[in-house]
Amino acid sequence: MHVKRLLAGLAVGLGLASLGVGYARQRDFRADAQTNSITAQTQTQAPARVPDVPYVPTPRAVVDRMLQIANVNRNDVVYDLGSGDGRIPIAAVRQYNAKRAVGVDINPERIREANENARKANVTDRVEFRQQDLFETDLRGASVVTLYLLSSVNLRLRPKLLSELRPGTRIVSHAFDMGDWKPDRVERVAGSTIYYWTVPENVPANLKQ
């Protein structure tokens with residue numbers, strides 16, 4: 001009788017131990033999954049490569065004039081390539097009532113800063129910031145594109161702009177031109193030059209290169 005009770009006690013003990021091990025393993029698996037998720041998020045936030053240009057914010061007066069020259073309105077979707085702290089996309093929806101604005105920047109620190117600025121401006125429902133390589137961003141949804149890059153970067157970007165953007169899309173660049181693509185308009189504002197183009201219906205062959 002005592003032997004049976006001893007064996008039954010051992011069986012129960014082993015069963016509980018097994019359950020404990022199983023529960024511990026389950027918790028370990030959950031912890032590992034959470035750790036892997038955090039690691040994956042950290043990896044996606046790392047810059048894909050060195051940025052093409054240093055971060056220099058566009059003066060507020062120039063931001064305003066860029067959006068005015070482009071005649072941004074409630075029908076527009078504005079893409080800002082190299083969006084920095086997000087001031088152009090935020091101004092586009094907040095001051096010029098753009099339907100939507102998208103900022104693209106390769107630097108995760110700038111994306112975090114821009115998202116915080118959008119939150120403070122209460123425009124997160126209409127502004128999106130993407131940590132992406134601007135050469136890999138799909139631009140087909142844009143009706144206005146703003147730039148503050150370099151002439152060399154603009155030239156590399158030009159074929160993409162002309163192949164993905166619809167005819168009539170407006171492009172505004174702070175400080176830098178696009179080589180032999182003559183702008184429709186050039187203005188000097190607060191010591192800066194602003195260049196403005198409209199994507200043509202028929203793109204000349206020399207501009208596609």
# chains A, B, ... in the order shown; residues from 1 in each chain; ligands from 1
>>> residues_around(residues="Glu164 of chain A", least_positions_apart="6", cutoff="10 Å", atoms="only C-alpha atoms", output="PDB file with N, CA and C atoms, in the first residue's frame")
ATOM      1  N   ASP A 138       8.669  54.528 -54.475  1.00  0.00           N
ATOM      2  CA  ASP A 138       7.679  54.612 -55.552  1.00  0.00           C
ATOM      3  C   ASP A 138       7.051  55.999 -55.514  1.00  0.00           C
ATOM      4  N   LEU A 139       7.248  56.770 -56.570  1.00  0.00           N
ATOM      5  CA  LEU A 139       6.798  58.162 -56.611  1.00  0.00           C
ATOM      6  C   LEU A 139       5.483  58.353 -57.353  1.00  0.00           C
ATOM      7  N   ARG A 140       4.884  57.285 -57.819  1.00  0.00           N
ATOM      8  CA  ARG A 140       3.735  57.417 -58.724  1.00  0.00           C
ATOM      9  C   ARG A 140       2.519  58.072 -58.092  1.00  0.00           C
ATOM     10  N   GLY A 141       2.449  58.093 -56.766  1.00  0.00           N
ATOM     11  CA  GLY A 141       1.292  58.701 -56.110  1.00  0.00           C
ATOM     12  C   GLY A 141       1.393  60.201 -55.939  1.00  0.00           C
ATOM     13  N   ALA A 142       2.535  60.782 -56.281  1.00  0.00           N
ATOM     14  CA  ALA A 142       2.756  62.205 -56.016  1.00  0.00           C
ATOM     15  C   ALA A 142       2.158  63.093 -57.102  1.00  0.00           C
TER      16      ALA A 142
END
>>> atom_distance(atom1="atom CA of Arg112 of chain A", atom2="atom CA of Leu155 of chain A")
28.4 Å
>>> residues_around(residues="Pro57 of chain A", least_positions_apart="5", cutoff="10 Å", atoms="only C-alpha atoms", output="list in words")
Val63, Gly82, Ser83, Gly84, Asp85, Gly86, Arg87, Ile88 and Tyr148 of chain A
>>> write_last_selection(atoms="N, CA and C atoms", output="short mmCIF file (atom, residue, chain, number, x, y, z; two decimals), in the first residue's frame")
data_model
loop_
_atom_site.label_atom_id
_atom_site.label_comp_id
_atom_site.auth_asym_id
_atom_site.auth_seq_id
_atom_site.Cartn_x
_atom_site.Cartn_y
_atom_site.Cartn_z
N VAL A 63 10.47 77.27 -47.44
CA VAL A 63 9.43 76.22 -47.41
C VAL A 63 8.11 76.79 -47.93
N GLY A 82 14.16 63.46 -49.01
CA GLY A 82 15.16 63.99 -48.09
C GLY A 82 14.46 64.93 -47.12
N SER A 83 13.49 64.38 -46.40
CA SER A 83 12.52 65.21 -45.66
C SER A 83 13.01 65.73 -44.32
N GLY A 84 14.15 65.27 -43.83
CA GLY A 84 14.72 65.83 -42.61
C GLY A 84 13.76 65.82 -41.44
N ASP A 85 13.55 66.99 -40.84
CA ASP A 85 12.68 67.06 -39.65
C ASP A 85 11.20 67.12 -40.00
N GLY A 86 10.87 67.02 -41.29
CA GLY A 86 9.48 66.92 -41.71
C GLY A 86 8.77 68.24 -41.94
N ARG A 87 9.51 69.33 -41.96
CA ARG A 87 8.85 70.64 -42.02
C ARG A 87 8.07 70.88 -43.31
N ILE A 88 8.56 70.36 -44.46
CA ILE A 88 7.83 70.58 -45.71
C ILE A 88 6.54 69.76 -45.76
N TYR A 148 15.52 69.07 -51.61
CA TYR A 148 16.66 69.89 -51.19
C TYR A 148 17.83 68.93 -51.09
#
>>> closest_residue(among="A:Asn154, A:Ser163, A:Gln95, A:Asn202", to="Leu134 of chain A", atoms="only C-alpha atoms")
A:Asn154
>>> atom_distance(atom1="atom CA of Pro108 of chain A", atom2="atom CA of Gln68 of chain A")
28.9 Å
>>> residues_around(residues="segment 176-183 of chain A", least_positions_apart="6", cutoff="8 Å", atoms="only C-alpha atoms", output="JSON, numbers by chain")
{"A": [148, 149, 150, 151, 154, 155, 158, 193, 194, 195, 196, 197, 207]}
>>> write_last_selection(atoms="C-alpha atoms", output="PDB file, in the first residue's frame")
ATOM      1  CA  TYR A 148      16.660  69.894 -51.186  1.00  0.00           C
ATOM      2  CA  LEU A 149      19.452  67.620 -52.329  1.00  0.00           C
ATOM      3  CA  LEU A 150      22.448  68.408 -54.581  1.00  0.00           C
ATOM      4  CA  SER A 151      22.679  69.030 -58.322  1.00  0.00           C
ATOM      5  CA  ASN A 154      19.044  65.696 -58.776  1.00  0.00           C
ATOM      6  CA  LEU A 155      20.625  64.549 -62.044  1.00  0.00           C
ATOM      7  CA  ARG A 158      15.864  62.968 -62.885  1.00  0.00           C
ATOM      8  CA  THR A 193      17.208  79.973 -55.171  1.00  0.00           C
ATOM      9  CA  ILE A 194      14.064  77.982 -55.900  1.00  0.00           C
ATOM     10  CA  TYR A 195      13.662  75.996 -59.140  1.00  0.00           C
ATOM     11  CA  TYR A 196      10.302  74.849 -60.478  1.00  0.00           C
ATOM     12  CA  TRP A 197       9.491  72.314 -63.234  1.00  0.00           C
ATOM     13  CA  LEU A 207      16.315  64.140 -70.145  1.00  0.00           C
TER      14      LEU A 207
END
>>> closest_residue(among="A:Val189, A:Ala118, A:Ala98, A:Leu81", to="Leu161 of chain A", atoms="only C-alpha atoms")
A:Leu81
>>> atom_distance(atom1="atom CA of Pro204 of chain A", atom2="atom CA of Thr169 of chain A")
16.0 Å
